[in-house]
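Below is one structure, written out as structure tokens; the observations come after it.
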2 protein chains.
Amino acid sequence: MVMHCLTRPGDAILVDGNRHYTTFVAAERAGLNIIEVPHSGHPEFRIDVNEYEFLIKNHNPRLILLTYPDGNYGNFPDARRLGQIAQEHNIPYILNGAYAVGRMSISMEEMGADFIVGSGHKSMASAGPVGVLGMKRKWEQIVMRKSTRHGNKDIELLGCTVRGVPLITLMASFPYVKERVTHWEEQVSKAQWFSDELERLGFIQLGERPHRHDLLHFDAPALYEISKRVREKGYFLYKELKERGIWGPQPGLARSFKVSTFAADRQQLGFVIDSFNAILNKYS
Amino acid sequence: MVMHCLTRPGDAILVDGNRHYTTFVAAERAGLNIIEVPHSGHPEFRIDVNEYEFLIKNHNPRLILLTYPDGNYGNFPDARRLGQIAQEHNIPYILNGAYAVGRMSISMEEMGADFIVGSGHKSMASAGPVGVLGMKRKWEQIVMRKSTRHGNKDIELLGCTVRGVPLITLMASFPYVKERVTHWEEQVSKAQWFSDELERLGFIQLGERPHRHDLLHFDAPALYEISKRVREKGYFLYKELKERGIWGPQPGLARSFKVSTFAADRQQLGFVIDSFNAILNKYS
């Protein structure tokens, strides 16, 4: 929607290499030339926002976007520095906070962004599909412009906005979300503790260290070695975890895995750690 | 979505004068030049599809759209004839069946349309917001094209499709909808009977006669006369109906009203008729 309003087909958009696939698809739909700011590669996958500056000069983008944090590694690039760069070059700046808004305190203004995107079903305890969009007042006239014939209908929303269960659960989530963002530091320390414990078992945490988000991604070379010599191949991990009452990993995948520690307490996470330990011992 | 795929900004689209506001807003969003085929005006508001032919020659539209039936008067223009016209001129033809699909049997092929639109929350007993889109196979490659980088993601759907309650209730509605469309003739005769009874009270049914849809629109000059001389002005009608347990009319409106007879049985509708009669007598 923002891309559609602020660009024309053929314009360039600068996005981070960790962007969600929807960023790419939305830009494709708007007919944009998508320039990706590369990440640092394995194992940290960091985005250095200073690289935007160089690419701005080369590609003259109409929009820049940063994913904060990304959904693969839970990395937080320097969104504030990018705000300065965006303002220096006078380019509208979208902050994709789908994994931040609702989990932690975040201020579009402090980051110097023009738009901030939040997801109701990703980080706001609400039923999907629904999201929130914040913007600087100056964009309201463009993004929220009304129909010339139907003056109370938003063109970009096709008049027909969210309703029913997604809307009601989003509204119902607000008091809970407002309270829970105050516990973000506990969430981060719980994630760091969990990561330390898994690394003690030989797993390798990808993304930033120390980690600052509950989304975690691990390489698991020991599990991969096991998968190569057992009859079930990668499925052994799914089976072993399921037998212990742990659900979630994609069946067949044992080389690396993603996990969020958000909704589990330390006791539950302790059980996950112990289970990984038992599985490694069983096959050693 | 269809408009976005099949047109470029500045192209013309031909739509009927009874089109839903969302038709207009979607065309505005796509930057189209919107040409309306006028209706016949009060009281029938008919669309003569033969007028499309003349306007096609003048405006060379990239798309044509017909609302079948419209949501204001429940009129059924000659969708089949328009299918012939569309094919003769080789212009893609969208049939907006938001008030048909789920209520009655309808075949896109029989109408000669390229696309048919249905609404989950309007005519399919499902929670909104959700709808269905049918199309001729030849359009699939364009409308359902995938992302170049994310091969299983639809560009026009931004990858992120309907989920949760809207999707589940839509699916749950299918067996019920499949059964209920077989009773459409009963629905039509019930609507015609209700319309006859209200006309006997002096109301004037707008739209086609005989009426072929449960959506009805009446002018109510007798109620309007009352509203001009009572203290509550137009609100008297809302109050009187509410006291009788009848909800729905917009408070303050007494000059004309819209009603659907779909979900009420003849006994309930009889009570509505008797109530209007009693209100007219009370103030006469």
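Ordering of the structure tokens sets the chain letters (A, B, ...), residue numbers begin anew at 1 in every chain, and ligands are numbered from 1 in the order given.
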Test item: chain A residues at most 8 Å from chain B, counting only C-alpha atoms, as JSON, numbers by chain: {"A": [21, 22, 24, 25, 26, 28, 29, 127, 128, 129, 147, 149, 150, 153, 154, 155, 156, 158, 159, 160, 161, 162, 163, 164, 165, 166]}
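The environment of Val15 of chain B within 7 Å, counting only C-alpha atoms and disregarding residues fewer than 5 places along the same chain, consists of Ile35, Glu36, Val37, Ile64, Leu65 and Leu66 of chain B.
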Same residues, N, CA and C atoms, saved as a PDB file, in the first residue's frame:
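What landed in selection_15.pdb:
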```pdb
ATOM      1  N   ILE B  35     -15.855   4.918 -16.779  1.00  0.00           N
ATOM      2  CA  ILE B  35     -17.019   5.312 -17.578  1.00  0.00           C
ATOM      3  C   ILE B  35     -18.227   4.548 -17.048  1.00  0.00           C
ATOM      4  N   GLU B  36     -19.268   5.284 -16.665  1.00  0.00           N
ATOM      5  CA  GLU B  36     -20.441   4.614 -16.118  1.00  0.00           C
ATOM      6  C   GLU B  36     -21.556   4.527 -17.157  1.00  0.00           C
ATOM      7  N   VAL B  37     -22.110   3.331 -17.269  1.00  0.00           N
ATOM      8  CA  VAL B  37     -23.285   3.133 -18.117  1.00  0.00           C
ATOM      9  C   VAL B  37     -24.487   3.560 -17.282  1.00  0.00           C
ATOM     10  N   ILE B  64     -14.628  -4.469 -18.804  1.00  0.00           N
ATOM     11  CA  ILE B  64     -15.992  -4.055 -18.498  1.00  0.00           C
ATOM     12  C   ILE B  64     -16.475  -4.820 -17.276  1.00  0.00           C
ATOM     13  N   LEU B  65     -17.341  -4.196 -16.525  1.00  0.00           N
ATOM     14  CA  LEU B  65     -17.835  -4.786 -15.276  1.00  0.00           C
ATOM     15  C   LEU B  65     -19.339  -4.583 -15.184  1.00  0.00           C
ATOM     16  N   LEU B  66     -20.007  -5.631 -14.691  1.00  0.00           N
ATOM     17  CA  LEU B  66     -21.449  -5.537 -14.463  1.00  0.00           C
ATOM     18  C   LEU B  66     -21.757  -6.065 -13.064  1.00  0.00           C
TER      19      LEU B  66
END
```
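Among the candidates A:Ser275, A:Ser123, A:Asn58, A:Asn50, the one nearest to Ala79 of chain A when counting only C-alpha atoms is A:Asn50.
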Determine which residues of segment 145-283 of chain A DSSP labels as helix (DSSP H, G or I) from the backbone of this structure, then write them out as an MDAnalysis selection string. chainID A and resid 164:200 221:229 235:243 266:282
Take the selection from the previous step and output its residues with C-alpha atoms, as an mmCIF file, in the first residue's frame.
```cif
data_model
loop_
_atom_site.group_PDB
_atom_site.id
_atom_site.type_symbol
_atom_site.label_atom_id
_atom_site.label_comp_id
_atom_site.auth_asym_id
_atom_site.auth_seq_id
_atom_site.Cartn_x
_atom_site.Cartn_y
_atom_site.Cartn_z
ATOM 1 C CA GLY A 164 -15.039 -9.277 12.464
ATOM 2 C CA VAL A 165 -12.732 -11.571 14.381
ATOM 3 C CA PRO A 166 -9.383 -10.157 13.178
ATOM 4 C CA LEU A 167 -10.429 -6.641 14.198
ATOM 5 C CA ILE A 168 -12.023 -7.642 17.490
ATOM 6 C CA THR A 169 -9.085 -9.779 18.590
ATOM 7 C CA LEU A 170 -6.659 -7.032 17.575
ATOM 8 C CA MET A 171 -8.535 -4.537 19.740
ATOM 9 C CA ALA A 172 -8.789 -7.084 22.567
ATOM 10 C CA SER A 173 -5.012 -7.587 22.433
ATOM 11 C CA PHE A 174 -4.186 -3.923 23.138
ATOM 12 C CA PRO A 175 -4.319 -3.951 26.975
ATOM 13 C CA TYR A 176 -2.390 -7.214 27.084
ATOM 14 C CA VAL A 177 0.177 -5.999 24.565
ATOM 15 C CA LYS A 178 0.561 -2.694 26.410
ATOM 16 C CA GLU A 179 1.406 -4.554 29.578
ATOM 17 C CA ARG A 180 3.618 -7.210 28.081
ATOM 18 C CA VAL A 181 6.026 -4.871 26.302
ATOM 19 C CA THR A 182 7.188 -3.779 29.780
ATOM 20 C CA HIS A 183 8.614 -7.283 30.281
ATOM 21 C CA TRP A 184 10.748 -7.231 27.159
ATOM 22 C CA GLU A 185 14.060 -7.258 29.029
ATOM 23 C CA GLU A 186 13.018 -10.496 30.739
ATOM 24 C CA GLN A 187 12.186 -11.956 27.338
ATOM 25 C CA VAL A 188 15.633 -11.054 26.042
ATOM 26 C CA SER A 189 17.482 -12.497 29.021
ATOM 27 C CA LYS A 190 15.403 -15.685 28.804
ATOM 28 C CA ALA A 191 16.312 -16.012 25.108
ATOM 29 C CA GLN A 192 19.996 -15.425 25.868
ATOM 30 C CA TRP A 193 19.965 -18.027 28.626
ATOM 31 C CA PHE A 194 18.256 -20.544 26.305
ATOM 32 C CA SER A 195 20.777 -19.821 23.572
ATOM 33 C CA ASP A 196 23.717 -20.283 25.975
ATOM 34 C CA GLU A 197 22.329 -23.616 27.137
ATOM 35 C CA LEU A 198 21.860 -24.913 23.592
ATOM 36 C CA GLU A 199 25.333 -23.765 22.585
ATOM 37 C CA ARG A 200 26.662 -25.758 25.547
ATOM 38 C CA PRO A 221 25.805 -30.079 13.253
ATOM 39 C CA ALA A 222 25.509 -32.867 15.843
ATOM 40 C CA LEU A 223 21.871 -33.530 14.888
ATOM 41 C CA TYR A 224 22.804 -33.399 11.210
ATOM 42 C CA GLU A 225 25.510 -36.026 11.757
ATOM 43 C CA ILE A 226 22.969 -38.290 13.445
ATOM 44 C CA SER A 227 20.449 -37.794 10.617
ATOM 45 C CA LYS A 228 23.014 -39.070 8.108
ATOM 46 C CA ARG A 229 23.379 -42.449 9.828
ATOM 47 C CA TYR A 235 12.792 -37.267 10.566
ATOM 48 C CA PHE A 236 14.366 -38.792 13.680
ATOM 49 C CA LEU A 237 14.430 -35.356 15.343
ATOM 50 C CA TYR A 238 10.747 -34.690 14.750
ATOM 51 C CA LYS A 239 9.902 -38.166 16.080
ATOM 52 C CA GLU A 240 12.092 -37.901 19.163
ATOM 53 C CA LEU A 241 10.751 -34.465 20.077
ATOM 54 C CA LYS A 242 7.161 -35.530 19.450
ATOM 55 C CA GLU A 243 7.581 -38.496 21.797
ATOM 56 C CA ARG A 266 12.114 -21.129 31.829
ATOM 57 C CA GLN A 267 10.822 -24.432 33.145
ATOM 58 C CA GLN A 268 9.358 -25.380 29.761
ATOM 59 C CA LEU A 269 12.496 -24.228 27.969
ATOM 60 C CA GLY A 270 14.545 -26.252 30.477
ATOM 61 C CA PHE A 271 12.572 -29.309 29.411
ATOM 62 C CA VAL A 272 13.403 -28.552 25.764
ATOM 63 C CA ILE A 273 17.112 -28.223 26.617
ATOM 64 C CA ASP A 274 17.066 -31.480 28.597
ATOM 65 C CA SER A 275 15.275 -33.218 25.728
ATOM 66 C CA PHE A 276 17.884 -32.129 23.190
ATOM 67 C CA ASN A 277 20.550 -33.332 25.603
ATOM 68 C CA ALA A 278 18.828 -36.729 26.011
ATOM 69 C CA ILE A 279 18.444 -37.114 22.232
ATOM 70 C CA LEU A 280 22.118 -36.324 21.647
ATOM 71 C CA ASN A 281 23.128 -38.860 24.324
ATOM 72 C CA LYS A 282 20.804 -41.536 22.986
#
```
List as a PDB file with C-alpha atoms, in the first residue's frame the protein and nucleic acid residues near segment 90-103 of chain B, meaning an atom at most 6 Å away when only C-alpha atoms are counted, but skip any in the same chain fewer than 2 places from it.
```
ATOM      1  CA  LEU B  63     -12.251  -3.990 -18.978  1.00  0.00           C
ATOM      2  CA  ILE B  64     -15.992  -4.055 -18.498  1.00  0.00           C
ATOM      3  CA  LEU B  65     -17.835  -4.786 -15.276  1.00  0.00           C
ATOM      4  CA  LEU B  66     -21.449  -5.537 -14.463  1.00  0.00           C
ATOM      5  CA  THR B  67     -23.019  -5.743 -11.019  1.00  0.00           C
ATOM      6  CA  TYR B  68     -25.411  -8.658 -10.931  1.00  0.00           C
ATOM      7  CA  ALA B  86     -17.745  -8.512 -24.479  1.00  0.00           C
ATOM      8  CA  GLN B  87     -16.761 -11.449 -26.645  1.00  0.00           C
ATOM      9  CA  GLU B  88     -17.540  -9.623 -29.887  1.00  0.00           C
ATOM     10  CA  ALA B 113     -17.926 -13.615 -18.291  1.00  0.00           C
ATOM     11  CA  ASP B 114     -14.171 -13.813 -17.748  1.00  0.00           C
ATOM     12  CA  PHE B 115     -14.247 -13.216 -14.000  1.00  0.00           C
ATOM     13  CA  ILE B 116     -16.874 -13.653 -11.316  1.00  0.00           C
ATOM     14  CA  VAL B 117     -16.665 -12.121  -7.864  1.00  0.00           C
ATOM     15  CA  GLY B 118     -18.446 -13.449  -4.794  1.00  0.00           C
ATOM     16  CA  SER B 119     -18.534 -12.164  -1.251  1.00  0.00           C
ATOM     17  CA  SER B 123     -24.025 -13.956   0.422  1.00  0.00           C
ATOM     18  CA  MET B 124     -22.197 -16.980   1.771  1.00  0.00           C
ATOM     19  CA  VAL B 177     -24.711 -22.600   0.659  1.00  0.00           C
ATOM     20  CA  VAL B 181     -29.229 -22.076  -3.542  1.00  0.00           C
TER      21      VAL B 181
END
```
The distance between atom CA of Ile34 of chain A and atom CA of Ile13 of chain A is 5.2 Å
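A straight line drawn from atom CA of Val49 of chain B to atom CA of Asp78 of chain B is 6.3 Å long.
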Can you tell me, as a PyMOL selection string, which residues in segment 58-278 of chain A count as strand (DSSP E) by DSSP? chain A and resi 63-67+93-96+115-119+131-135+204-205+215-219+256-260
